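Text of protein_39.csv, listed as CSV, C-alpha atoms and all ligand atoms:
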```csv
chain,number,residue,atom,x,y,z
N,16,MET,CA,10.7,-25.0,-1.0
N,17,SER,CA,7.8,-27.3,-1.8
N,18,ASP,CA,7.2,-28.5,-5.4
N,19,ALA,CA,3.6,-28.5,-4.5
N,20,LEU,CA,3.5,-24.7,-4.7
N,21,MET,CA,3.0,-23.0,-8.0
N,22,ASN,CA,6.0,-21.0,-9.0
N,23,THR,CA,4.5,-17.6,-8.6
N,24,TYR,CA,7.3,-16.3,-6.4
N,25,ALA,CA,11.1,-16.6,-6.6
N,26,ARG,CA,11.4,-17.1,-2.9
N,27,LEU,CA,14.5,-16.5,-0.8
N,28,PRO,CA,15.8,-19.6,1.0
N,29,VAL,CA,14.5,-18.8,4.5
N,30,SER,CA,11.4,-19.5,6.5
N,31,PHE,CA,10.5,-17.7,9.6
N,32,GLU,CA,9.0,-19.4,12.7
N,33,ARG,CA,8.4,-16.6,15.1
N,34,GLY,CA,8.4,-12.8,15.3
N,35,GLU,CA,8.3,-10.1,18.0
N,36,GLY,CA,8.2,-6.4,17.2
N,37,ALA,CA,10.6,-5.7,14.3
N,38,LEU,CA,12.5,-9.0,14.9
N,39,LEU,CA,12.0,-12.4,13.2
N,40,TRP,CA,13.6,-15.8,13.9
N,41,ASP,CA,14.0,-18.5,11.2
N,42,SER,CA,13.7,-22.2,11.6
N,43,GLU,CA,17.4,-22.5,12.6
N,44,GLY,CA,17.0,-19.9,15.3
N,45,ASN,CA,18.8,-17.1,13.4
N,46,GLU,CA,17.6,-13.5,14.2
N,47,TYR,CA,16.6,-10.9,11.6
N,48,LEU,CA,15.7,-7.3,11.7
N,49,ASP,CA,12.7,-6.7,9.5
N,50,ALA,CA,12.9,-3.5,7.4
N,51,LEU,CA,10.1,-4.6,5.1
N,52,GLY,CA,7.2,-5.5,7.4
N,53,GLY,CA,5.7,-8.1,5.2
N,54,ILE,CA,5.6,-5.5,2.4
N,55,ALA,CA,4.1,-2.6,4.4
N,56,VAL,CA,1.6,-4.9,6.2
N,57,CYS,CA,3.0,-5.3,9.7
N,58,GLY,CA,3.0,-1.7,10.7
N,59,LEU,CA,2.8,-2.7,14.4
N,60,GLY,CA,5.5,-5.3,13.9
N,61,HIS,CA,5.1,-9.0,14.6
N,62,ALA,CA,2.9,-10.6,17.3
N,63,HIS,CA,1.8,-7.2,18.6
N,64,PRO,CA,0.0,-8.0,21.9
N,65,ALA,CA,-3.1,-5.8,21.1
N,66,VAL,CA,-3.6,-7.6,17.8
N,67,THR,CA,-3.0,-11.0,19.3
N,68,ARG,CA,-5.4,-10.3,22.1
N,69,ALA,CA,-8.1,-9.0,19.7
N,70,LEU,CA,-7.7,-12.1,17.4
N,71,CYS,CA,-7.7,-14.6,20.3
N,72,GLU,CA,-10.7,-13.1,21.9
N,73,GLN,CA,-12.7,-12.9,18.7
N,74,ALA,CA,-11.6,-16.4,17.5
N,75,GLY,CA,-13.0,-17.8,20.8
N,76,ARG,CA,-16.4,-16.0,20.3
N,77,LEU,CA,-17.2,-15.8,16.6
N,78,VAL,CA,-15.1,-15.9,13.4
N,79,HIS,CA,-17.6,-15.7,10.5
N,80,THR,CA,-21.3,-15.4,9.7
N,81,SER,CA,-21.3,-13.9,6.2
N,82,ASN,CA,-22.6,-10.5,5.1
N,83,LEU,CA,-26.2,-11.9,5.0
N,84,TYR,CA,-26.4,-10.7,8.6
N,85,GLY,CA,-25.4,-7.7,10.6
N,86,ILE,CA,-21.8,-7.9,11.8
N,87,THR,CA,-21.2,-5.8,15.0
N,88,ARG,CA,-17.4,-5.6,14.6
N,89,GLN,CA,-17.7,-4.6,11.0
N,90,ALA,CA,-20.1,-1.8,11.8
N,91,GLU,CA,-17.8,-0.6,14.5
N,92,LEU,CA,-14.8,-0.6,12.2
N,93,ALA,CA,-16.8,1.1,9.5
N,94,GLU,CA,-17.7,4.0,11.9
N,95,ARG,CA,-14.1,4.3,13.1
N,96,LEU,CA,-12.5,4.1,9.6
N,97,THR,CA,-14.9,6.5,7.8
N,98,ARG,CA,-14.5,9.0,10.6
N,99,LEU,CA,-10.7,8.7,10.5
N,100,ALA,CA,-10.6,9.1,6.7
N,101,GLY,CA,-13.3,11.7,6.4
N,102,MET,CA,-15.3,9.3,4.3
N,103,ASP,CA,-19.1,8.4,4.4
N,104,ARG,CA,-19.2,4.7,3.7
N,105,VAL,CA,-16.9,1.7,3.3
N,106,PHE,CA,-17.0,-1.8,1.6
N,107,PHE,CA,-14.7,-4.4,3.1
N,108,SER,CA,-12.7,-6.8,1.0
N,109,ASN,CA,-10.0,-9.4,1.6
N,110,SER,CA,-7.1,-7.8,-0.2
N,111,GLY,CA,-5.8,-4.6,-1.9
N,112,ALA,CA,-6.6,-5.8,-5.4
N,113,GLU,CA,-10.2,-6.5,-4.3
N,114,ALA,CA,-10.5,-3.1,-2.7
N,115,ASN,CA,-9.4,-1.6,-6.0
N,116,GLU,CA,-11.8,-3.9,-7.9
N,117,ALA,CA,-14.6,-2.4,-5.8
N,118,ALA,CA,-13.4,1.1,-6.6
N,119,ILE,CA,-13.3,0.3,-10.4
N,120,LYS,CA,-16.8,-1.2,-10.3
N,121,LEU,CA,-18.0,1.8,-8.4
N,122,ALA,CA,-16.5,4.2,-10.9
N,123,ARG,CA,-18.0,2.3,-13.9
N,124,LEU,CA,-21.4,2.1,-12.3
N,125,HIS,CA,-21.2,5.8,-11.5
N,126,GLY,CA,-20.5,6.4,-15.2
N,127,HIS,CA,-23.4,4.2,-16.4
N,128,ASN,CA,-25.7,6.0,-14.0
N,129,GLN,CA,-24.9,9.2,-15.9
N,130,GLY,CA,-25.5,7.5,-19.3
N,131,ILE,CA,-21.9,6.9,-20.2
N,132,GLU,CA,-21.8,3.5,-21.9
N,133,THR,CA,-18.0,2.9,-22.0
N,134,PRO,CA,-16.8,4.5,-18.7
N,135,THR,CA,-13.1,5.0,-18.7
N,136,ILE,CA,-10.6,5.4,-15.9
N,137,VAL,CA,-7.4,7.4,-16.2
N,138,VAL,CA,-4.5,5.5,-14.6
N,139,THR,CA,-0.7,6.0,-14.5
N,140,ARG,CA,2.4,4.3,-15.9
N,141,GLY,CA,4.6,3.0,-13.2
N,142,SER,CA,1.7,2.3,-10.9
N,143,PHE,CA,0.6,-0.9,-9.2
N,144,HIS,CA,-3.0,-1.7,-8.3
N,145,GLY,CA,-3.1,-5.5,-8.1
N,146,ARG,CA,-3.1,-8.8,-9.9
N,147,THR,CA,-6.7,-9.4,-10.7
N,148,MET,CA,-7.7,-8.8,-14.4
N,149,ALA,CA,-9.1,-5.3,-13.8
N,150,THR,CA,-6.4,-4.2,-11.4
N,151,LEU,CA,-3.6,-5.6,-13.6
N,152,THR,CA,-5.1,-3.7,-16.5
N,153,ALA,CA,-5.1,-0.5,-14.4
N,154,THR,CA,-1.5,-1.2,-13.3
N,155,GLY,CA,1.0,0.7,-15.5
N,156,ASN,CA,3.6,-2.1,-15.9
N,157,ASP,CA,3.9,-4.3,-19.0
N,158,LYS,CA,5.5,-7.1,-17.1
N,159,ILE,CA,2.5,-7.6,-14.9
N,160,GLN,CA,0.2,-7.6,-18.0
N,161,GLN,CA,2.1,-9.7,-20.4
N,162,GLY,CA,0.5,-13.1,-21.2
N,163,PHE,CA,-2.9,-12.1,-19.7
N,164,GLU,CA,-4.3,-10.3,-22.8
N,165,PRO,CA,-6.9,-9.5,-23.7
N,166,LEU,CA,-6.9,-6.8,-21.0
N,167,LEU,CA,-10.0,-4.9,-20.0
N,168,GLU,CA,-11.3,-1.9,-21.9
N,169,GLY,CA,-12.0,1.3,-20.2
N,170,PHE,CA,-8.5,2.3,-19.0
N,171,VAL,CA,-6.3,5.1,-20.3
N,172,HIS,CA,-2.6,5.2,-19.1
N,173,VAL,CA,-0.8,8.5,-18.7
N,174,ASP,CA,2.6,9.2,-17.2
N,175,TYR,CA,2.8,9.4,-13.4
N,176,ASP,CA,3.4,13.0,-12.0
N,177,ASP,CA,2.2,14.5,-15.3
N,178,LEU,CA,-0.8,16.7,-14.6
N,179,GLU,CA,-1.0,18.1,-18.1
N,180,ALA,CA,-1.6,14.5,-19.5
N,181,ILE,CA,-4.6,14.1,-17.2
N,182,ALA,CA,-5.9,17.6,-18.1
N,183,GLU,CA,-5.8,16.5,-21.8
N,184,GLN,CA,-8.3,13.8,-20.9
N,185,ALA,CA,-10.9,16.4,-20.4
N,186,ALA,CA,-11.5,16.1,-24.2
N,187,ASN,CA,-12.6,12.4,-23.6
N,188,PRO,CA,-16.3,12.3,-22.8
N,189,ASN,CA,-16.0,8.7,-21.5
N,190,VAL,CA,-13.7,9.5,-18.6
N,191,VAL,CA,-15.4,9.0,-15.2
N,192,ALA,CA,-12.4,8.8,-12.8
N,193,VAL,CA,-8.7,9.2,-12.2
N,194,MET,CA,-7.0,6.4,-10.1
N,195,VAL,CA,-3.6,7.1,-8.6
N,196,GLU,CA,-1.2,6.2,-5.8
N,197,PRO,CA,-0.1,9.2,-3.6
N,198,ILE,CA,3.4,7.8,-3.7
N,199,THR,CA,4.2,4.8,-5.9
N,200,GLY,CA,5.1,1.7,-4.0
N,201,GLU,CA,6.0,-1.2,-6.3
N,202,GLY,CA,6.8,1.5,-8.9
N,203,GLY,CA,9.9,2.7,-7.0
N,204,ILE,CA,8.8,5.1,-4.2
N,205,ARG,CA,8.2,7.9,-6.6
N,206,VAL,CA,7.1,11.0,-4.7
N,207,PRO,CA,5.2,13.3,-7.1
N,208,ASP,CA,5.4,17.1,-7.2
N,209,GLU,CA,3.8,18.5,-4.1
N,210,ASN,CA,0.9,20.0,-6.3
N,211,TYR,CA,0.2,16.8,-8.2
N,212,LEU,CA,-2.6,15.4,-6.0
N,213,MET,CA,-4.2,18.9,-5.5
N,214,GLY,CA,-4.0,19.3,-9.3
N,215,ILE,CA,-5.8,16.0,-9.8
N,216,ARG,CA,-8.4,17.0,-7.2
N,217,THR,CA,-9.1,20.2,-9.1
N,218,LEU,CA,-9.3,18.4,-12.5
N,219,CYS,CA,-11.7,15.9,-11.0
N,220,ASP,CA,-13.9,18.6,-9.6
N,221,ASP,CA,-13.9,20.6,-12.8
N,222,ASN,CA,-14.7,17.6,-15.0
N,223,GLY,CA,-17.1,15.7,-12.7
N,224,TRP,CA,-14.7,12.8,-12.4
N,225,LEU,CA,-14.2,10.7,-9.3
N,226,MET,CA,-10.8,10.9,-7.7
N,227,ILE,CA,-9.7,7.4,-6.6
N,228,LEU,CA,-6.7,7.3,-4.3
N,229,ASP,CA,-5.0,3.9,-3.9
N,230,GLU,CA,-3.6,4.3,-0.3
N,231,ILE,CA,-3.1,0.5,0.0
N,232,GLN,CA,0.6,0.9,0.6
N,233,THR,CA,0.8,4.5,1.9
N,234,GLY,CA,-2.2,4.3,4.3
N,235,MET,CA,-2.4,3.5,8.0
N,236,GLY,CA,0.3,5.8,9.2
N,237,ARG,CA,3.1,4.6,6.9
N,238,THR,CA,4.0,8.0,5.4
N,239,GLY,CA,3.8,10.0,8.6
N,240,THR,CA,0.1,10.8,8.7
N,241,MET,CA,-2.8,8.3,8.9
N,242,PHE,CA,-3.3,8.7,5.2
N,243,ALA,CA,-0.8,10.1,2.8
N,244,CYS,CA,-3.3,12.5,1.2
N,245,GLU,CA,-3.6,14.5,4.5
N,246,GLN,CA,-0.1,15.9,3.6
N,247,ASN,CA,-1.5,17.2,0.3
N,248,GLY,CA,-4.5,18.8,2.0
N,249,ILE,CA,-7.0,16.9,-0.2
N,250,SER,CA,-9.6,14.3,0.2
N,251,PRO,CA,-10.4,11.8,-2.7
N,252,ASP,CA,-13.9,10.6,-3.5
N,253,VAL,CA,-12.8,7.0,-3.2
N,254,MET,CA,-9.9,5.7,-1.1
N,255,THR,CA,-8.6,2.1,-1.0
N,256,LEU,CA,-6.8,0.5,1.9
N,257,ALA,CA,-5.4,-2.9,2.7
N,258,LYS,CA,-1.8,-3.9,3.7
N,259,GLY,CA,-1.4,-2.1,7.0
N,260,LEU,CA,-5.1,-2.2,7.9
N,261,GLY,CA,-5.0,-5.7,9.5
N,262,ASN,CA,-1.4,-6.0,10.5
N,263,GLY,CA,-1.3,-9.4,8.7
N,264,VAL,CA,-4.9,-10.6,8.6
N,265,PRO,CA,-6.4,-10.2,5.1
N,266,ILE,CA,-8.6,-7.2,5.0
N,267,GLY,CA,-9.0,-4.4,2.4
N,268,ALA,CA,-11.4,-1.5,2.3
N,269,CYS,CA,-12.9,0.7,-0.4
N,270,LEU,CA,-14.1,4.0,1.2
N,271,ALA,CA,-16.2,6.6,-0.5
N,272,ARG,CA,-17.7,9.9,0.3
N,273,GLY,CA,-20.5,12.1,-1.1
N,274,ALA,CA,-22.3,10.9,-4.2
N,275,ALA,CA,-19.7,8.2,-4.7
N,276,ALA,CA,-20.7,6.6,-1.4
N,277,GLU,CA,-24.3,6.0,-2.7
N,278,VAL,CA,-23.4,4.3,-6.0
N,279,LEU,CA,-23.1,0.7,-4.9
N,280,GLN,CA,-26.5,-0.7,-3.9
N,281,ALA,CA,-27.7,-4.1,-2.7
N,282,GLY,CA,-26.9,-6.8,-5.2
N,283,LYS,CA,-24.2,-4.8,-7.0
N,284,HIS,CA,-21.1,-6.1,-5.2
N,285,GLY,CA,-20.2,-8.5,-2.4
N,286,SER,CA,-17.8,-10.8,-0.7
N,287,THR,CA,-18.3,-13.9,1.3
N,288,PHE,CA,-15.4,-13.3,3.7
N,289,GLY,CA,-15.2,-9.5,3.4
N,290,GLY,CA,-15.2,-7.7,6.8
N,291,ASN,CA,-15.8,-10.8,8.9
N,292,PRO,CA,-15.7,-10.5,12.7
N,293,LEU,CA,-12.1,-11.8,13.0
N,294,VAL,CA,-10.4,-9.5,10.6
N,295,CYS,CA,-12.4,-6.5,11.7
N,296,SER,CA,-11.4,-7.0,15.3
N,297,ALA,CA,-7.8,-7.0,14.2
N,298,ALA,CA,-8.2,-3.8,12.2
N,299,LEU,CA,-9.9,-2.2,15.2
N,300,ALA,CA,-6.9,-3.1,17.4
N,301,VAL,CA,-4.6,-1.7,14.7
N,302,ILE,CA,-6.4,1.7,14.7
N,303,ASP,CA,-6.5,1.8,18.5
N,304,THR,CA,-2.8,1.2,18.7
N,305,LEU,CA,-1.8,3.6,15.8
N,306,GLU,CA,-3.8,6.3,17.7
N,307,GLN,CA,-2.8,5.6,21.2
N,308,ASP,CA,0.9,5.2,20.5
N,309,ARG,CA,0.8,8.1,18.0
N,310,LEU,CA,2.6,5.9,15.4
N,311,PRO,CA,1.9,8.0,12.3
N,312,ALA,CA,3.8,10.9,13.9
N,313,ARG,CA,6.5,8.5,15.1
N,314,ALA,CA,6.8,7.2,11.4
N,315,ALA,CA,7.3,10.8,10.3
N,316,GLU,CA,10.1,11.4,12.9
N,317,LEU,CA,11.8,8.1,12.1
N,318,GLY,CA,11.6,8.8,8.4
N,319,GLN,CA,13.4,12.1,8.9
N,320,ARG,CA,16.0,10.5,11.0
N,321,MET,CA,16.6,7.8,8.4
N,322,LEU,CA,16.6,10.1,5.4
N,323,LYS,CA,19.2,12.3,7.2
N,324,GLY,CA,21.2,9.2,8.1
N,325,PHE,CA,21.2,7.9,4.5
N,326,ALA,CA,22.1,11.4,3.1
N,327,GLU,CA,25.1,11.5,5.3
N,328,ALA,CA,26.2,7.9,4.9
N,329,LEU,CA,25.8,7.8,1.1
N,330,ALA,CA,26.8,11.5,0.3
N,331,SER,CA,29.9,10.6,-1.6
N,332,ILE,CA,28.5,7.6,-3.5
N,333,GLU,CA,27.9,8.5,-7.1
N,334,ALA,CA,25.9,5.4,-7.9
N,335,VAL,CA,23.2,6.7,-5.5
N,336,GLN,CA,21.0,8.9,-7.6
N,337,GLU,CA,18.3,9.8,-5.1
N,338,ILE,CA,17.2,9.0,-1.6
N,339,ARG,CA,13.5,9.7,-1.2
N,340,GLY,CA,10.3,8.9,0.5
N,341,ARG,CA,7.9,10.0,3.3
N,342,GLY,CA,7.7,8.6,6.8
N,343,LEU,CA,8.7,4.9,6.8
N,344,MET,CA,8.3,4.5,3.0
N,345,LEU,CA,11.8,5.0,1.8
N,346,GLY,CA,13.6,4.4,-1.5
N,347,ILE,CA,17.2,4.6,-2.5
N,348,GLN,CA,17.5,4.9,-6.3
N,349,LEU,CA,20.8,3.4,-7.6
N,350,ASP,CA,22.1,3.9,-11.2
N,351,ARG,CA,22.1,0.1,-11.8
N,352,PRO,CA,20.0,-3.0,-11.1
N,353,CYS,CA,20.6,-4.1,-7.5
N,354,GLY,CA,18.4,-7.1,-6.7
N,355,GLU,CA,21.5,-8.8,-5.4
N,356,LEU,CA,21.3,-6.6,-2.3
N,357,VAL,CA,18.3,-8.4,-1.0
N,358,LYS,CA,20.3,-11.7,-0.6
N,359,GLN,CA,23.3,-9.9,0.8
N,360,ALA,CA,21.2,-8.2,3.4
N,361,LEU,CA,19.5,-11.5,4.3
N,362,GLN,CA,22.9,-13.0,4.9
N,363,GLN,CA,23.5,-10.2,7.4
N,364,GLY,CA,20.2,-10.7,9.2
N,365,LEU,CA,18.4,-7.8,7.6
N,366,LEU,CA,15.2,-8.0,5.5
N,367,ILE,CA,15.0,-5.4,2.7
N,368,ASN,CA,13.4,-5.2,-0.7
N,369,VAL,CA,14.4,-4.0,-4.2
N,370,THR,CA,11.7,-2.8,-6.5
N,371,ALA,CA,11.6,-1.4,-10.0
N,372,GLN,CA,15.0,-3.2,-10.4
N,373,SER,CA,17.2,-0.4,-9.1
N,374,VAL,CA,15.4,1.0,-6.0
N,375,VAL,CA,16.2,-0.3,-2.5
N,376,ARG,CA,12.8,-0.2,-0.8
N,377,LEU,CA,12.4,0.0,3.0
N,378,LEU,CA,9.1,-0.4,4.7
N,379,PRO,CA,9.9,-1.2,8.3
N,380,PRO,CA,7.3,-1.5,11.1
N,381,LEU,CA,6.3,1.8,12.6
N,382,ILE,CA,7.3,0.5,16.0
N,383,ILE,CA,11.0,0.3,15.4
N,384,THR,CA,13.3,1.9,17.9
N,385,ASP,CA,15.8,4.7,17.1
N,386,ALA,CA,18.6,2.1,17.5
N,387,GLN,CA,16.9,-0.2,15.0
N,388,ALA,CA,16.4,2.6,12.5
N,389,ASP,CA,20.0,3.5,12.8
N,390,ARG,CA,21.0,-0.1,12.3
N,391,ILE,CA,19.0,-0.2,9.1
N,392,VAL,CA,20.7,2.9,7.8
N,393,GLU,CA,24.2,1.7,8.7
N,394,GLN,CA,23.7,-1.8,7.3
N,395,VAL,CA,22.0,-0.8,4.1
N,396,SER,CA,24.5,2.0,3.5
N,397,GLY,CA,27.3,-0.4,4.0
N,398,LEU,CA,25.8,-2.9,1.6
N,399,ILE,CA,25.3,-0.3,-1.1
N,400,ARG,CA,28.8,1.1,-0.7
N,401,ASP,CA,30.3,-2.4,-1.1
N,402,PHE,CA,27.9,-3.2,-4.0
N,403,VAL,CA,28.8,-0.3,-6.1
N,404,ALA,CA,32.5,-0.1,-5.2
U,501,LIG,C1,0.0,-4.2,-2.6
U,501,LIG,C2,-0.7,-3.2,-3.4
U,501,LIG,C3,-1.9,-3.5,-4.1
U,501,LIG,C4,-2.5,-4.9,-4.1
U,501,LIG,O1,-2.8,-5.4,-2.9
U,501,LIG,P1,-3.0,-7.0,-2.7
U,501,LIG,O2,-3.4,-7.2,-1.3
U,501,LIG,O3,-1.7,-7.7,-3.0
U,501,LIG,O4,-4.0,-7.5,-3.7
U,501,LIG,C5,-2.6,-2.5,-4.7
U,501,LIG,N1,-2.2,-1.2,-4.7
U,501,LIG,C6,-1.0,-0.9,-4.1
U,501,LIG,C7,-0.6,0.6,-4.1
U,501,LIG,C8,-0.3,-1.8,-3.4
U,501,LIG,O5,0.9,-1.5,-2.8
```
What does this structure look like when you write it as structure tokens?
Amino acid sequence: MSDALMNTYARLPVSFERGEGALLWDSEGNEYLDALGGIAVCGLGHAHPAVTRALCEQAGRLVHTSNLYGITRQAELAERLTRLAGMDRVFFSNSGAEANEAAIKLARLHGHNQGIETPTIVVTRGSFHGRTMATLTATGNDKIQQGFEPLLEGFVHVDYDDLEAIAEQAANPNVVAVMVEPITGEGGIRVPDENYLMGIRTLCDDNGWLMILDEIQTGMGRTGTMFACEQNGISPDVMTLAKGLGNGVPIGACLARGAAAEVLQAGKHGSTFGGNPLVCSAALAVIDTLEQDRLPARAAELGQRMLKGFAEALASIEAVQEIRGRGLMLGIQLDRPCGELVKQALQQGLLINVTAQSVVRLLPPLIITDAQADRIVEQVSGLIRDFVA
């Protein structure tokens, strides 16, 4: 790798030149099956024709004008996305962290509008919300925060999947919002109790707090419905999206409904690039394809197939503590650190990830075939069996 790059990533020794669907080819022509999808980004796989067409057409017409003017494609995407998510308004950013920054600023402003001078957001340990100063403060992981102190004020951390701990915050008059992931991504694919999100919704309603749901990794069909919260029968006040929204072009979104949608006014927030014609045309093609090809339902079906496959293949392996997830957001919890598995899989032509040290994380494109899903199960199970033997 180039010495001209800052060492922010411990990169694997491979560079890809081309992709098609769930397959990638490296600079030597070796083929790989992608069970990570660029970290839950390429839900439609690589070089999807609808996205390619949208990008090429838009690039030949107009790429960027700034938010000082109307942007037709952005308005179109705003209509589609708010309708889809049951939200009223949206702000477009260039990344997940920036979408969360918008949500955090919105919550703080909402607090100030109510006369709360030190608005505080309840966040959870084991969460991941991004790498900017506010989002790394919100993130419940010491490793991501270390060396970047002083962190921001105005965040209280409680344990994930602990409703009682959030309820106790009712005694804190500065709380304005609760910010949470429906299923933790970087934190290890933790699926909370089925009443957790509903419980947070109720607490937010009872206390006048905003419920901010970070669906950056879970959204856009990943967990078997367009948004994970649909499966919990709730709707947050603020929802953030990024990753799968653009299938690889950088776009994030902070959606809000009701009073929360009216908080940010002209001059209060902005972005030079955010929601430009190019990225919005890609996101529109993503939504079209997810809907036309019924990919969220397909993700649910594939997820069931893979969970069942893993349960069978790993049944007798004691080192496997839990196999969990929803749709194509799957985690296999081992009883030991297993980062090594990533390299071993790569050598076998398979891209996987390990997060939270001991959780094998799979986030394949939603367009994989049954045979590709079965191959992932077989290969990953084989790797785990050999690793713990
Ligand atoms: C990836 C991720 C983010 C940060 O997104 P970036 O685009 O890397 O800034 C925030 N929240 C969750 C849940 C994520 O998975």
List all protein, DNA and RNA residues that have any atom at most 10 Å from ligand LIG 501 (chain U), counting all atoms listed in the file, and write the list as an mmCIF file with C-alpha atoms, in the coordinates of the input.
```cif
data_model
loop_
_atom_site.group_PDB
_atom_site.id
_atom_site.type_symbol
_atom_site.label_atom_id
_atom_site.label_comp_id
_atom_site.auth_asym_id
_atom_site.auth_seq_id
_atom_site.Cartn_x
_atom_site.Cartn_y
_atom_site.Cartn_z
ATOM 1 C CA ILE N 54 5.600 -5.500 2.400
ATOM 2 C CA ALA N 55 4.100 -2.600 4.400
ATOM 3 C CA VAL N 56 1.600 -4.900 6.200
ATOM 4 C CA SER N 108 -12.700 -6.800 1.000
ATOM 5 C CA ASN N 109 -10.000 -9.400 1.600
ATOM 6 C CA SER N 110 -7.100 -7.800 -0.200
ATOM 7 C CA GLY N 111 -5.800 -4.600 -1.900
ATOM 8 C CA ALA N 112 -6.600 -5.800 -5.400
ATOM 9 C CA GLU N 113 -10.200 -6.500 -4.300
ATOM 10 C CA ALA N 114 -10.500 -3.100 -2.700
ATOM 11 C CA ASN N 115 -9.400 -1.600 -6.000
ATOM 12 C CA GLU N 116 -11.800 -3.900 -7.900
ATOM 13 C CA SER N 142 1.700 2.300 -10.900
ATOM 14 C CA PHE N 143 0.600 -0.900 -9.200
ATOM 15 C CA HIS N 144 -3.000 -1.700 -8.300
ATOM 16 C CA GLY N 145 -3.100 -5.500 -8.100
ATOM 17 C CA ARG N 146 -3.100 -8.800 -9.900
ATOM 18 C CA THR N 147 -6.700 -9.400 -10.700
ATOM 19 C CA THR N 150 -6.400 -4.200 -11.400
ATOM 20 C CA LEU N 151 -3.600 -5.600 -13.600
ATOM 21 C CA THR N 154 -1.500 -1.200 -13.300
ATOM 22 C CA VAL N 195 -3.600 7.100 -8.600
ATOM 23 C CA GLU N 196 -1.200 6.200 -5.800
ATOM 24 C CA PRO N 197 -0.100 9.200 -3.600
ATOM 25 C CA ILE N 198 3.400 7.800 -3.700
ATOM 26 C CA THR N 199 4.200 4.800 -5.900
ATOM 27 C CA GLY N 200 5.100 1.700 -4.000
ATOM 28 C CA GLU N 201 6.000 -1.200 -6.300
ATOM 29 C CA GLY N 202 6.800 1.500 -8.900
ATOM 30 C CA LEU N 228 -6.700 7.300 -4.300
ATOM 31 C CA ASP N 229 -5.000 3.900 -3.900
ATOM 32 C CA GLU N 230 -3.600 4.300 -0.300
ATOM 33 C CA ILE N 231 -3.100 0.500 0.000
ATOM 34 C CA GLN N 232 0.600 0.900 0.600
ATOM 35 C CA THR N 233 0.800 4.500 1.900
ATOM 36 C CA GLY N 234 -2.200 4.300 4.300
ATOM 37 C CA THR N 255 -8.600 2.100 -1.000
ATOM 38 C CA LEU N 256 -6.800 0.500 1.900
ATOM 39 C CA ALA N 257 -5.400 -2.900 2.700
ATOM 40 C CA LYS N 258 -1.800 -3.900 3.700
ATOM 41 C CA GLY N 259 -1.400 -2.100 7.000
ATOM 42 C CA PRO N 265 -6.400 -10.200 5.100
ATOM 43 C CA ILE N 266 -8.600 -7.200 5.000
ATOM 44 C CA GLY N 267 -9.000 -4.400 2.400
#
```
- Message: Excluding Gly340 (chain N) and its own-chain neighbours fewer than 3 positions away, which residues fall within 10 Å of it when counting only C-alpha atoms? Please give them as a ChimeraX atom specification.
- Response: /N:198-200,203-206,238,318-319,322,337,343-347,376-377
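If you look at CA of Ala180 (chain N) and CA of Ala153 (chain N), they are 16.2 Å away from each other.
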- At most 12 Å from (6.3, 16.7, -8.2), file frame, all atoms listed in the file: which residues, as a list in words?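 Returned residue set, sorted by chain then number, is Tyr175, Asp176, Asp177, Leu178, Pro197, Ile198, Arg205, Val206, Pro207, Asp208, Glu209, Asn210, Tyr211, Leu212, Met213, Gly214 and Asn247 of chain N.
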- Task: Between N:Glu35, N:Glu327, N:Asp303, N:Asp401, single out the one closest to Leu96 (chain N), counting all atoms listed in the file.
- Result: N:Asp303
- Task: For the point (-24.0, -3.4, -3.7) in the file's frame, write as a list in words all residues with an atom no more than 12 Å away, counting all atoms listed in the file.
- Result: Asn82, Arg104, Val105, Phe106, Phe107, Ala117, Ala118, Lys120, Leu121, Leu124, Ala276, Glu277, Val278, Leu279, Gln280, Ala281, Gly282, Lys283, His284, Gly285 and Ser286 of chain N
- Message: Let me make sure I understand: among N:Ala186, N:Glu179, N:Gln372, N:Leu317, which one has the smallest atom-to-atom distance to Pro352 (chain N) if we use only C-alpha atoms?
- Response: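 Ranking N:Ala186, N:Glu179, N:Gln372, N:Leu317 by distance to Pro352 (chain N), first place goes to N:Gln372.
Here CA of Arg123 (chain N) stands at a distance of 13.5 Å from CA of Gly223 (chain N).
The residue set within 12 Å of His61 (chain N), counting all atoms listed in the file and dropping same-chain residues fewer than 6 places from it, reads N:Phe31, N:Glu32, N:Arg33, N:Gly34, N:Glu35, N:Gly36, N:Ala37, N:Leu38, N:Leu39, N:Trp40, N:Leu48, N:Asp49, N:Ala50, N:Leu51, N:Gly52, N:Gly53, N:Thr67, N:Gly261, N:Asn262, N:Gly263, N:Val264, N:Pro379, N:Pro380, N:Leu381, N:Ile382, N:Ile383.
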- Message: At a cut-off of 12 Å, using all atoms listed in the file, what residues contact Glu355 (chain N)? Leave out same-chain residues fewer than 2 positions from it and give the result as a PyMOL selection string.
- Response: chain N and resi 27+351-353+357-362+367-370+372-375+398-399+401-403
- Query: Restricting the calculation to only C-alpha atoms, which member of N:Thr217, N:Ser396, N:Asn291, N:Thr152 is positioned closest to Arg88 (chain N)?
  - Reply: N:Asn291
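For region 71-76 of chain N, the list of residues within 8 Å, based on all atoms listed in the file and with local chain neighbours fewer than 6 positions off taken out, reads Pro292, Leu293 and Ser296 of chain N.
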- Note on the structure: One residue among N:Leu92, N:Met16, N:Met235, N:Val253 is nearest to Gly290 (chain N) when using all atoms listed in the file, and that residue is N:Leu92
- Message: Using all atoms listed in the file for the distances, tell me which of N:Glu94, N:Leu59, N:Gly364, N:Ala298 is nearest to Asp41 (chain N).
- Response: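 Ranking N:Glu94, N:Leu59, N:Gly364, N:Ala298 by distance to Asp41 (chain N), first place goes to N:Gly364.
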